[in-house]
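Chemist: Input my_file21.csv, format and content: CSV, C-alpha atoms.
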chain,number,residue,atom,x,y,z
V,1,MET,CA,72.1,114.8,61.2
V,2,PRO,CA,74.5,117.9,61.5
V,3,LYS,CA,76.8,118.0,64.4
V,4,PRO,CA,75.7,120.6,67.0
V,5,THR,CA,77.8,123.7,67.0
V,6,SER,CA,78.9,126.0,69.9
V,7,PRO,CA,77.9,129.6,69.9
V,8,LEU,CA,80.6,132.0,68.7
V,9,PRO,CA,82.8,133.3,71.6
V,10,VAL,CA,82.0,136.8,73.0
V,11,THR,CA,84.7,139.4,72.8
V,12,LEU,CA,85.0,141.1,76.2
V,13,PRO,CA,86.9,144.5,76.3
V,14,PRO,CA,89.7,144.5,78.9
V,15,ASP,CA,88.2,147.3,81.0
V,16,GLU,CA,84.9,145.3,81.3
V,17,ALA,CA,86.8,142.1,82.1
V,18,ARG,CA,88.7,143.9,84.9
V,19,ALA,CA,85.6,145.4,86.3
V,20,PHE,CA,83.7,142.1,86.2
V,21,LEU,CA,86.5,140.2,87.9
V,22,VAL,CA,87.1,142.7,90.7
V,23,SER,CA,83.4,142.9,91.4
V,24,HIS,CA,82.7,139.2,90.9
V,25,LEU,CA,85.5,138.2,93.3
V,26,GLY,CA,84.2,140.5,96.0
V,27,LEU,CA,87.1,143.0,95.8
V,28,ALA,CA,85.2,146.2,94.7
V,29,THR,CA,83.5,147.2,97.9
V,30,PRO,CA,82.4,145.3,101.1
V,31,ALA,CA,79.6,143.1,99.8
V,32,TYR,CA,79.3,140.8,102.8
V,33,PRO,CA,78.0,141.2,106.4
V,34,GLN,CA,80.6,141.8,109.1
V,35,GLY,CA,82.0,139.1,111.2
V,36,ALA,CA,81.0,135.4,111.2
V,37,GLU,CA,78.1,135.8,108.8
V,38,GLY,CA,80.3,137.6,106.4
V,39,VAL,CA,82.9,134.9,106.4
V,40,ARG,CA,80.3,132.3,105.7
V,41,ALA,CA,78.7,134.3,102.9
V,42,LEU,CA,82.1,134.9,101.4
V,43,LEU,CA,82.9,131.2,101.2
V,44,ARG,CA,79.5,130.4,99.7
V,45,HIS,CA,80.2,133.1,97.0
V,46,LEU,CA,83.8,132.2,96.3
V,47,ARG,CA,83.1,128.5,96.3
V,48,HIS,CA,86.6,127.7,97.6
V,49,ILE,CA,89.4,129.5,99.4
V,50,GLN,CA,92.9,128.1,98.8
V,51,LEU,CA,94.9,127.0,101.8
V,52,ASP,CA,98.6,127.4,102.6
V,53,PRO,CA,100.2,126.8,106.0
V,54,LEU,CA,102.6,129.8,105.9
V,55,ASP,CA,101.6,132.5,108.4
V,56,VAL,CA,103.6,135.6,107.9
V,57,ILE,CA,100.9,138.4,108.1
V,58,GLY,CA,98.2,135.8,108.3
V,59,THR,CA,97.7,132.7,106.2
V,60,ASN,CA,96.5,132.9,102.6
V,61,ALA,CA,92.9,132.1,103.8
V,62,ASP,CA,93.2,134.9,106.4
V,63,LEU,CA,94.3,137.3,103.7
V,64,VAL,CA,91.5,136.3,101.3
V,65,ALA,CA,88.9,137.0,104.0
V,66,LEU,CA,90.5,140.1,105.4
V,67,ALA,CA,90.5,141.7,102.0
V,68,ARG,CA,86.7,141.3,101.7
V,69,VAL,CA,85.0,141.1,105.1
V,70,ASP,CA,85.0,143.7,107.9
V,71,GLY,CA,84.9,143.0,111.6
V,72,ILE,CA,87.2,140.0,111.6
V,73,SER,CA,90.7,139.2,112.8
V,74,LYS,CA,93.4,136.7,111.8
V,75,GLY,CA,92.2,133.2,112.5
V,76,ASP,CA,88.5,134.1,112.3
V,77,VAL,CA,88.2,132.5,108.8
V,78,TYR,CA,88.7,129.2,110.6
V,79,ARG,CA,86.8,130.0,113.8
V,80,HIS,CA,83.7,131.2,111.9
V,81,LEU,CA,83.6,128.3,109.4
V,82,TYR,CA,84.5,125.2,111.6
V,83,PRO,CA,82.7,123.1,112.4
V,84,GLY,CA,79.4,123.0,110.5
V,85,HIS,CA,79.9,125.5,107.7
V,86,ALA,CA,82.9,124.2,105.8
V,87,PHE,CA,85.3,121.3,105.2
V,88,GLU,CA,88.6,120.9,103.4
V,89,HIS,CA,89.5,119.0,100.2
V,90,TRP,CA,91.1,119.3,96.8
V,91,ALA,CA,89.7,121.9,94.5
V,92,LYS,CA,92.2,124.6,93.3
V,93,GLU,CA,94.8,122.5,95.3
V,94,ARG,CA,93.8,122.1,99.0
V,95,CYS,CA,91.0,124.5,99.8
V,96,ILE,CA,88.3,125.3,102.3
V,97,LEU,CA,84.9,124.5,100.7
V,98,PRO,CA,81.4,125.3,101.8
V,99,ALA,CA,79.5,122.5,103.6
V,100,SER,CA,77.1,122.3,100.7
V,101,ALA,CA,79.8,120.8,98.5
V,102,PHE,CA,80.5,117.9,100.9
V,103,PRO,CA,77.9,115.5,99.4
V,104,HIS,CA,79.5,115.9,96.0
V,105,TYR,CA,83.0,115.1,97.3
V,106,ARG,CA,81.7,112.2,99.4
V,107,GLU,CA,80.7,110.4,96.1
V,108,ARG,CA,84.3,110.1,95.0
V,109,SER,CA,87.9,110.1,96.4
V,110,LEU,CA,89.2,113.2,94.6
V,111,GLU,CA,93.0,113.7,94.8
V,112,THR,CA,95.7,115.6,93.0
V,113,PRO,CA,98.1,113.6,90.7
V,114,TRP,CA,100.9,113.8,93.3
V,115,TRP,CA,98.8,112.8,96.4
V,116,HIS,CA,99.3,109.0,95.7
V,117,ILE,CA,96.5,107.6,97.9
V,118,ALA,CA,97.2,104.1,96.4
V,119,THR,CA,100.8,104.2,97.7
V,120,ARG,CA,99.6,105.2,101.1
V,121,LEU,CA,97.2,102.2,101.1
V,122,GLU,CA,100.1,99.9,100.2
V,123,ARG,CA,102.1,101.0,103.2
V,124,LEU,CA,99.4,101.3,105.7
V,125,PRO,CA,98.0,98.2,107.6
V,126,ALA,CA,94.2,98.0,107.0
V,127,LYS,CA,93.6,97.5,110.7
V,128,VAL,CA,95.0,100.9,111.4
V,129,LEU,CA,92.5,102.6,109.2
V,130,GLY,CA,89.7,101.0,111.1
V,131,ALA,CA,91.2,101.7,114.5
V,132,VAL,CA,91.7,105.4,113.7
V,133,LEU,CA,88.1,105.8,112.3
V,134,GLU,CA,86.7,104.0,115.4
V,135,GLU,CA,88.6,106.3,117.7
V,136,LEU,CA,87.4,109.4,116.0
V,137,GLU,CA,83.8,108.1,116.0
V,138,ALA,CA,84.1,107.5,119.7
V,139,HIS,CA,86.2,110.4,120.9
V,140,GLY,CA,86.4,113.0,118.1
V,141,PRO,CA,87.2,115.7,117.4
V,142,LEU,CA,90.9,114.9,117.8
V,143,THR,CA,94.2,116.2,116.4
V,144,ALA,CA,96.8,113.8,115.0
V,145,ALA,CA,98.8,114.2,118.2
V,146,GLU,CA,95.8,113.1,120.3
V,147,LEU,CA,95.3,109.8,118.4
V,148,THR,CA,96.6,106.5,119.7
V,149,ASP,CA,100.1,105.8,118.3
V,150,HIS,CA,100.0,102.9,115.8
V,151,GLY,CA,103.7,102.8,115.1
V,152,ALA,CA,105.7,103.9,112.1
V,153,VAL,CA,105.1,103.6,108.4
V,154,GLN,CA,107.4,104.3,105.4
V,155,PRO,CA,106.8,107.9,104.5
V,156,LEU,CA,106.2,109.2,101.0
V,157,ASP,CA,109.0,111.1,99.4
V,158,TRP,CA,108.3,114.0,97.0
V,159,SER,CA,111.7,114.9,95.5
V,160,GLY,CA,113.2,115.1,99.0
V,161,TRP,CA,110.2,116.4,100.9
V,162,LYS,CA,109.1,113.7,103.3
V,163,GLY,CA,105.5,112.9,104.2
V,164,THR,CA,104.4,111.6,107.6
V,165,GLY,CA,106.2,108.5,109.1
V,166,LYS,CA,103.4,107.9,111.6
V,167,ALA,CA,100.8,105.2,110.7
V,168,SER,CA,98.0,107.1,112.6
V,169,SER,CA,98.7,110.3,110.6
V,170,MET,CA,98.8,108.5,107.3
V,171,ALA,CA,95.5,106.9,108.2
V,172,LEU,CA,94.1,110.4,108.7
V,173,GLU,CA,95.2,111.3,105.2
V,174,VAL,CA,93.5,108.3,103.7
V,175,LEU,CA,90.3,108.7,105.6
V,176,TRP,CA,90.2,112.5,104.9
V,177,THR,CA,90.7,111.9,101.1
V,178,ARG,CA,87.8,109.4,101.2
V,179,CYS,CA,85.6,111.9,103.1
V,180,GLN,CA,85.2,109.4,105.9
V,181,ILE,CA,86.5,112.1,108.2
V,182,VAL,CA,86.7,115.9,107.8
V,183,VAL,CA,88.8,118.7,109.1
V,184,CYS,CA,86.5,120.5,111.7
V,185,GLY,CA,89.0,123.0,113.1
V,186,ARG,CA,92.4,124.6,113.0
V,187,GLY,CA,94.4,126.0,115.8
V,188,PRO,CA,97.8,126.0,117.6
V,189,GLY,CA,97.5,122.2,118.0
V,190,GLY,CA,97.1,121.7,114.2
V,191,LYS,CA,94.1,120.4,112.3
V,192,ARG,CA,91.2,118.8,114.2
V,193,TYR,CA,89.4,115.9,112.7
V,194,ASP,CA,85.9,114.4,113.2
V,195,VAL,CA,83.4,112.2,111.5
V,196,PRO,CA,81.0,114.0,109.0
V,197,HIS,CA,77.7,113.2,110.8
V,198,ARG,CA,78.9,115.2,113.8
V,199,ALA,CA,81.0,117.9,112.1
V,200,LEU,CA,78.6,118.5,109.1
V,201,PRO,CA,75.2,117.2,110.4
V,202,ASP,CA,73.1,119.2,107.9
V,203,VAL,CA,74.8,117.7,104.8
V,204,ALA,CA,76.7,114.5,105.8
V,205,ARG,CA,74.0,112.2,104.3
V,206,ALA,CA,72.5,114.5,101.7
V,207,SER,CA,72.1,113.3,98.1
V,208,VAL,CA,73.5,115.0,95.0
V,209,GLY,CA,71.0,114.0,92.3
V,210,TYR,CA,73.4,112.4,89.9
V,211,THR,CA,75.6,109.4,89.6
V,212,GLY,CA,79.1,108.8,88.2
V,213,ASP,CA,82.1,110.9,87.3
V,214,GLU,CA,80.3,112.9,84.6
V,215,GLY,CA,77.8,114.3,87.0
V,216,PHE,CA,80.5,115.3,89.4
V,217,SER,CA,82.6,116.9,86.6
V,218,ARG,CA,79.6,118.9,85.4
V,219,TRP,CA,79.0,120.2,88.9
V,220,ALA,CA,82.7,120.8,89.7
V,221,LEU,CA,83.4,122.6,86.4
V,222,GLY,CA,80.5,125.0,87.0
V,223,GLU,CA,81.9,125.7,90.5
V,224,ARG,CA,85.4,126.3,89.2
V,225,VAL,CA,84.2,128.8,86.6
V,226,GLU,CA,82.2,130.6,89.2
V,227,ALA,CA,85.2,130.6,91.5
V,228,ALA,CA,87.6,132.0,88.8
V,229,GLY,CA,85.2,134.3,87.1
V,230,LEU,CA,87.1,133.8,83.8
V,231,LEU,CA,88.7,130.4,83.5
V,232,SER,CA,91.3,130.1,80.8
V,233,ARG,CA,91.0,127.0,78.6
V,234,VAL,CA,94.8,126.7,78.5
V,235,SER,CA,96.3,124.3,81.1
V,236,GLY,CA,97.6,125.7,84.3
V,237,PRO,CA,97.3,125.6,88.1
V,238,HIS,CA,93.9,127.2,87.8
V,239,TRP,CA,92.6,123.8,86.6
V,240,SER,CA,94.5,121.7,89.2
V,241,THR,CA,92.2,118.7,90.0
V,242,LEU,CA,90.1,119.3,86.9
V,243,SER,CA,92.9,119.0,84.4
V,244,SER,CA,91.4,115.9,82.8
V,245,VAL,CA,88.0,117.7,82.5
V,246,ARG,CA,89.8,120.5,80.6
V,247,THR,CA,90.8,118.2,77.8
V,248,SER,CA,87.5,116.3,77.8
V,249,PRO,CA,84.4,117.2,75.6
V,250,LEU,CA,82.6,118.6,78.7
V,251,PRO,CA,83.6,122.3,78.4
V,252,ASP,CA,82.4,122.4,74.8
V,253,THR,CA,79.2,120.5,75.8
V,254,LEU,CA,78.4,123.0,78.5
V,255,VAL,CA,79.0,126.0,76.2
V,256,ARG,CA,76.7,124.4,73.6
V,257,GLU,CA,74.0,123.8,76.3
V,258,GLY,CA,74.3,127.5,77.4
V,259,VAL,CA,75.5,126.4,80.9
V,260,LEU,CA,78.8,128.3,80.3
V,261,GLU,CA,79.8,131.1,78.0
V,262,GLU,CA,83.1,131.2,76.0
V,263,ILE,CA,85.0,134.5,76.0
V,264,VAL,CA,87.9,136.0,74.1
V,265,LEU,CA,89.9,139.0,75.2
V,266,PRO,CA,91.4,141.4,72.7
V,267,GLY,CA,95.1,140.8,72.3
V,268,SER,CA,95.0,137.4,73.8
V,269,PRO,CA,95.1,134.1,71.9
V,270,ARG,CA,93.4,132.3,74.8
V,271,ARG,CA,89.7,131.5,75.2
V,272,TYR,CA,88.0,131.7,78.6
V,273,LEU,CA,84.9,130.1,80.2
V,274,ALA,CA,82.6,132.4,82.0
V,275,PRO,CA,79.4,131.8,84.1
V,276,ARG,CA,76.2,131.9,82.2
V,277,GLY,CA,74.6,135.4,82.0
V,278,PHE,CA,77.7,137.0,83.6
V,279,ARG,CA,77.2,140.2,81.6
V,280,SER,CA,73.8,140.8,83.1
V,281,ARG,CA,75.1,140.5,86.7
V,282,PRO,CA,75.5,143.8,88.6
V,283,VAL,CA,79.1,145.1,88.5
V,284,THR,CA,80.0,147.1,91.6
V,285,PRO,CA,82.4,150.0,91.1
V,286,PRO,CA,85.5,149.8,93.3
V,287,ASP,CA,85.7,151.9,96.4
V,288,ASP,CA,88.7,153.9,97.6
V,289,ARG,CA,90.0,151.2,100.0
V,290,MET,CA,93.4,149.6,99.3
V,291,ARG,CA,93.5,145.9,99.8
V,292,ILE,CA,96.4,143.6,100.6
V,293,LEU,CA,95.9,140.4,98.6
V,294,GLY,CA,97.1,136.9,99.6
V,295,PRO,CA,99.5,135.3,97.2
V,296,LEU,CA,96.9,132.7,96.3
V,297,ASP,CA,93.9,135.0,96.1
V,298,PRO,CA,91.3,134.0,93.5
V,299,LEU,CA,92.2,137.1,91.5
V,300,LEU,CA,95.8,135.8,91.1
V,301,TRP,CA,95.1,132.2,90.2
V,302,ASP,CA,95.8,132.8,86.5
V,303,ARG,CA,99.0,134.8,86.4
V,304,ALA,CA,98.9,135.1,82.6
V,305,LEU,CA,95.4,136.6,82.8
V,306,VAL,CA,96.5,139.0,85.5
V,307,LYS,CA,99.4,140.2,83.3
V,308,HIS,CA,97.2,140.6,80.3
V,309,LEU,CA,94.3,142.5,82.0
V,310,PHE,CA,96.1,144.4,84.8
V,311,GLY,CA,99.7,144.7,83.3
V,312,PHE,CA,100.9,143.2,86.6
V,313,GLU,CA,103.5,140.4,86.5
V,314,TYR,CA,103.3,138.3,89.7
V,315,VAL,CA,105.2,135.2,90.7
V,316,TRP,CA,105.0,133.9,94.2
V,317,GLU,CA,108.7,133.3,95.0
V,318,VAL,CA,108.3,131.6,98.4
V,319,TYR,CA,109.8,128.3,97.1
V,320,LYS,CA,112.6,129.9,95.1
V,321,PRO,CA,116.2,130.1,96.4
V,322,GLU,CA,116.9,133.6,97.7
V,323,GLU,CA,119.4,134.4,94.9
V,324,GLN,CA,116.7,133.7,92.3
V,325,ARG,CA,114.0,136.0,93.7
V,326,LEU,CA,113.2,139.1,91.8
V,327,TRP,CA,111.1,140.6,94.6
V,328,GLY,CA,111.1,138.6,97.9
V,329,TRP,CA,110.0,135.7,99.9
V,330,TYR,CA,106.4,136.4,100.9
V,331,VAL,CA,105.2,139.3,98.7
V,332,CYS,CA,101.6,140.4,98.5
V,333,PRO,CA,100.0,142.5,95.8
V,334,LEU,CA,98.2,145.7,96.5
V,335,LEU,CA,94.8,146.3,94.9
V,336,HIS,CA,93.4,149.9,94.7
V,337,ARG,CA,90.5,151.2,92.8
V,338,GLY,CA,90.4,148.1,90.6
V,339,GLN,CA,94.0,148.2,89.7
V,340,LEU,CA,97.1,146.3,91.0
V,341,VAL,CA,99.3,149.2,92.0
V,342,GLY,CA,102.1,147.7,94.0
V,343,ARG,CA,103.4,145.0,96.3
V,344,LEU,CA,104.9,144.6,99.7
V,345,GLU,CA,106.8,142.2,101.9
V,346,ALA,CA,105.9,142.4,105.6
V,347,ARG,CA,105.8,140.4,108.8
V,348,VAL,CA,104.3,140.7,112.2
V,349,GLN,CA,107.0,140.8,114.9
V,350,ASP,CA,106.9,141.9,118.6
V,351,GLY,CA,103.5,143.6,118.2
V,352,VAL,CA,104.5,145.5,115.1
V,353,LEU,CA,103.5,145.1,111.4
V,354,ARG,CA,106.8,145.7,109.8
V,355,VAL,CA,106.8,146.4,106.0
V,356,GLU,CA,110.3,145.4,105.0
V,357,LYS,CA,110.0,146.1,101.3
V,358,LEU,CA,107.5,148.2,99.4
V,359,TRP,CA,107.2,148.6,95.6
V,360,ARG,CA,104.9,150.7,93.5
V,361,GLU,CA,104.2,149.7,89.9
V,362,LYS,CA,105.9,151.8,87.3
V,363,GLY,CA,103.8,154.8,86.3
V,364,VAL,CA,101.6,154.5,89.4
V,365,LYS,CA,101.4,157.2,92.1
V,366,LEU,CA,100.8,155.1,95.2
V,367,ASP,CA,98.2,156.6,97.5
V,368,ASP,CA,100.0,156.9,100.8
V,369,THR,CA,96.8,157.6,102.8
V,370,ALA,CA,95.0,154.5,101.4
V,371,LEU,CA,98.1,152.4,102.0
V,372,ASP,CA,98.4,153.6,105.6
V,373,GLU,CA,94.8,152.9,106.3
V,374,ALA,CA,95.2,149.4,104.8
V,375,LEU,CA,98.2,148.7,106.9
V,376,THR,CA,96.5,150.0,110.0
V,377,ARG,CA,93.5,147.8,109.4
V,378,HIS,CA,95.7,144.8,108.8
V,379,ALA,CA,97.9,145.4,111.8
V,380,ARG,CA,94.8,145.6,114.0
V,381,ALA,CA,93.5,142.3,112.5
V,382,CYS,CA,96.8,140.6,113.3
V,383,GLY,CA,97.0,141.9,116.9
V,384,ALA,CA,99.8,144.4,116.2
V,385,VAL,CA,99.7,147.8,117.8
V,386,LYS,CA,102.1,149.6,115.4
V,387,VAL,CA,103.0,149.8,111.7
V,388,ARG,CA,106.5,150.5,110.4
V,389,ARG,CA,107.0,151.0,106.7
V,390,PRO,CA,109.6,152.4,104.3
V,391,ARG,CA,108.9,155.0,101.6
V,392,ALA,CA,107.5,153.4,98.4
V,393,ARG,CA,110.1,152.9,95.6
V,394,VAL,CA,109.9,151.7,92.1
V,395,GLY,CA,110.6,148.0,91.7
The structure in this file should be written as structure tokens.
Modeler:
Amino acid sequence: MPKPTSPLPVTLPPDEARAFLVSHLGLATPAYPQGAEGVRALLRHLRHIQLDPLDVIGTNADLVALARVDGISKGDVYRHLYPGHAFEHWAKERCILPASAFPHYRERSLETPWWHIATRLERLPAKVLGAVLEELEAHGPLTAAELTDHGAVQPLDWSGWKGTGKASSMALEVLWTRCQIVVCGRGPGGKRYDVPHRALPDVARASVGYTGDEGFSRWALGERVEAAGLLSRVSGPHWSTLSSVRTSPLPDTLVREGVLEEIVLPGSPRRYLAPRGFRSRPVTPPDDRMRILGPLDPLLWDRALVKHLFGFEYVWEVYKPEEQRLWGWYVCPLLHRGQLVGRLEARVQDGVLRVEKLWREKGVKLDDTALDEALTRHARACGAVKVRRPRARVG
């Protein structure tokens, strides 16, 4: 019997690919309701929003939401999602995921290659795990600081970066990875934890309709392709926790089954996975609004794709030594009319949104009116009352 063959990949012109990505990722024109309902609809559509703790002009999750949803302020992405509408786990690194994904994660203890849950278990007394879980069941939600102190534990060391040395906090990490507890809030006191049946009552005990790793991988790959829009088959951070799936037969299987489509872009040797029927989906033309993108925005996950389609080279240099940075510490791209037109480095200080550095892309005439409106919106969302910015210059 002949071996089944995959359909030939579809060639997608660059302008169509750009328009699809900008529209698919919610950056063409406001596509969501305002306020809380908009944030919840955004998460359901994006599948996951990558987290990062740095808060310079808002965290990355703030920036993702503010670029797409009107009527919200810094911090609302957490206030409107927790509890009940979202939880946190590994996807494209650590992410906010919609509550509907929780039953899939509950079936397996997903972790990144560097998380080392087994090492934690070696260092953590089993009785501490039980005690922390019992305390959260009885008194949650609680922050790590509000838990009973169970003494010290040998911290993990990632090339000089130390993990927690508190047994109760390490227990939270283990229980969280296992989905025995979930993050149900974020605020000045840090993450708040609770048990799933209280924090996610609608889905805590829901079934998933499959068993085993293959069922999870099929679901997770479909989610990742929807989240990325175009998922390169070349390894990279856009695969993250699904790196082993990338090299498995599953992507080819789903293409043969018609669950996913394979795409090629002129001038690129790479192949991409796209959602089934993506070319028949409505593509919304971009509006005139300029958007400030977070450094881990879904549009920027695949830096090689961004360079190929948008001619925009972006490296997040926050962890580079200062002398090695080409641009700056926390630099955010600017999206306008479907193109990446510049970048800025800013911070909120003393009630002022201060743009410390501003670059326009070569050959681009930066629209000052659109930029001023974007900065005014962002300042208001961050609680700032003024904006100060330099003249744009060529980077």
Chemist: May I ask for the distance between CA of Lys74 in chain V and CA of Gly35 in chain V, given in Å to one decimal place?
Modeler: 11.7 Å
Chemist: What lies within 9 Å of Arg388 in chain V using only C-alpha atoms, ignoring chain neighbours under 3 positions off, as a ChimeraX atom specification?
Modeler: /V:352-356
Chemist: In Å to one decimal, how far is CA of Arg289 in chain V from CA of Ala370 in chain V?
Modeler: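 Those two atoms sit 6.2 Å apart.
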Chemist: Under the rule of at most 12 Å, produce a per-residue listing of range 283-364 of chain V near range 12-18 of chain V: chain, number, name, the closest pair of atoms, and the distance in Å, as CSV, using only C-alpha atoms.
Modeler:
residue,atom,partner,partner_atom,distance
V:Val283,CA,V:Glu16,CA,9.2
V:Thr284,CA,V:Arg18,CA,11.4
V:Pro285,CA,V:Arg18,CA,10.7
V:Pro286,CA,V:Arg18,CA,10.8
V:Leu299,CA,V:Arg18,CA,10.1
V:Leu305,CA,V:Arg18,CA,10.1
V:Val306,CA,V:Arg18,CA,9.2
V:Lys307,CA,V:Arg18,CA,11.4
V:His308,CA,V:Pro14,CA,8.6
V:Leu309,CA,V:Pro14,CA,5.9
V:Phe310,CA,V:Arg18,CA,7.4
V:Gly311,CA,V:Pro14,CA,10.9
V:Leu335,CA,V:Arg18,CA,12.0
V:Arg337,CA,V:Arg18,CA,10.9
V:Gly338,CA,V:Arg18,CA,7.3
V:Gln339,CA,V:Arg18,CA,8.3
V:Leu340,CA,V:Arg18,CA,10.7
Chemist: With a distance cut-off of 7 Å and all atoms listed in the file, select the neighbouring residues of range 234-244 of chain V, excluding the residue or stretch itself and same-chain residues fewer than 3 positions from it, and output the selection as a list in words.
Modeler: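 Counting all atoms listed in the file, the residues come to Trp90, Ala91, Lys92, Glu93, Glu111, Thr112, Thr247, Ser248, Arg270, Trp301 and Asp302 of chain V.
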Chemist: Tell me, in Å to one decimal, how far CA of Gly160 in chain V is from CA of Leu54 in chain V.
Modeler: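 Rounded to one decimal, the two atoms are 19.4 Å apart.
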Chemist: Pick from V:Phe312, V:Trp161, V:Phe102, V:Trp219: nearest to Gly84 in chain V, with all atoms listed in the file counted?
Modeler: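 Smallest separation from Gly84 in chain V among the options: V:Phe102.
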Chemist: Excluding Tyr193 in chain V and any residue of its chain fewer than 2 positions from it, enumerate the residues within 10 Å of it, using only C-alpha atoms, and give them as a ChimeraX atom specification.
Modeler: /V:83,136,140-144,172,176,181-186,190-191,195-196,199
Chemist: My list of candidates is V:Thr11, V:Gly189, V:Gly342, V:Leu27. Which is closest to Ser268 in chain V when distances are computed with all atoms listed in the file?
Modeler: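 Closest to Ser268 in chain V of all the choices is V:Thr11.
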Chemist: Got a minute to add all heavy atoms to range 154-160 of chain V and dump it as a CSV table (one decimal), in the frame of the given file?
Modeler:
chain,number,residue,atom,x,y,z
V,154,GLN,N,106.4,103.7,106.3
V,154,GLN,CA,107.4,104.3,105.4
V,154,GLN,C,106.8,105.5,104.8
V,154,GLN,O,105.7,105.5,104.2
V,154,GLN,CB,107.7,103.3,104.3
V,154,GLN,CG,108.7,103.8,103.3
V,154,GLN,CD,108.9,102.9,102.1
V,154,GLN,OE1,108.4,101.7,102.1
V,154,GLN,NE2,109.7,103.3,101.1
V,155,PRO,N,107.4,106.7,105.0
V,155,PRO,CA,106.8,107.9,104.5
V,155,PRO,C,106.9,108.0,103.0
V,155,PRO,O,107.8,107.4,102.4
V,155,PRO,CB,107.7,109.0,105.2
V,155,PRO,CG,109.0,108.3,105.4
V,155,PRO,CD,108.7,106.9,105.7
V,156,LEU,N,106.1,108.9,102.4
V,156,LEU,CA,106.2,109.2,101.0
V,156,LEU,C,107.3,110.2,100.8
V,156,LEU,O,107.6,111.0,101.7
V,156,LEU,CB,104.9,109.7,100.4
V,156,LEU,CG,103.8,108.7,100.0
V,156,LEU,CD1,103.2,108.0,101.1
V,156,LEU,CD2,102.7,109.4,99.2
V,157,ASP,N,107.9,110.2,99.7
V,157,ASP,CA,109.0,111.1,99.4
V,157,ASP,C,108.7,111.8,98.1
V,157,ASP,O,108.6,111.2,97.0
V,157,ASP,CB,110.3,110.3,99.2
V,157,ASP,CG,111.5,111.3,99.1
V,157,ASP,OD1,111.4,112.4,98.7
V,157,ASP,OD2,112.7,110.8,99.5
V,158,TRP,N,108.5,113.2,98.1
V,158,TRP,CA,108.3,114.0,97.0
V,158,TRP,C,109.5,114.8,96.7
V,158,TRP,O,109.7,115.9,97.2
V,158,TRP,CB,107.1,114.9,97.2
V,158,TRP,CG,105.8,114.3,97.2
V,158,TRP,CD1,105.0,113.8,96.2
V,158,TRP,CD2,105.0,114.0,98.4
V,158,TRP,NE1,103.8,113.2,96.7
V,158,TRP,CE2,103.8,113.3,98.0
V,158,TRP,CE3,105.2,114.2,99.8
V,158,TRP,CZ2,102.8,112.9,98.9
V,158,TRP,CZ3,104.3,113.8,100.7
V,158,TRP,CH2,103.1,113.2,100.2
V,159,SER,N,110.5,114.2,95.9
V,159,SER,CA,111.7,114.9,95.5
V,159,SER,C,112.4,115.5,96.8
V,159,SER,O,112.8,116.7,96.8
V,159,SER,CB,111.4,116.0,94.5
V,159,SER,OG,110.8,115.5,93.4
V,160,GLY,N,112.5,114.7,97.8
V,160,GLY,CA,113.2,115.1,99.0
V,160,GLY,C,112.3,115.7,100.1
V,160,GLY,O,112.8,115.8,101.2
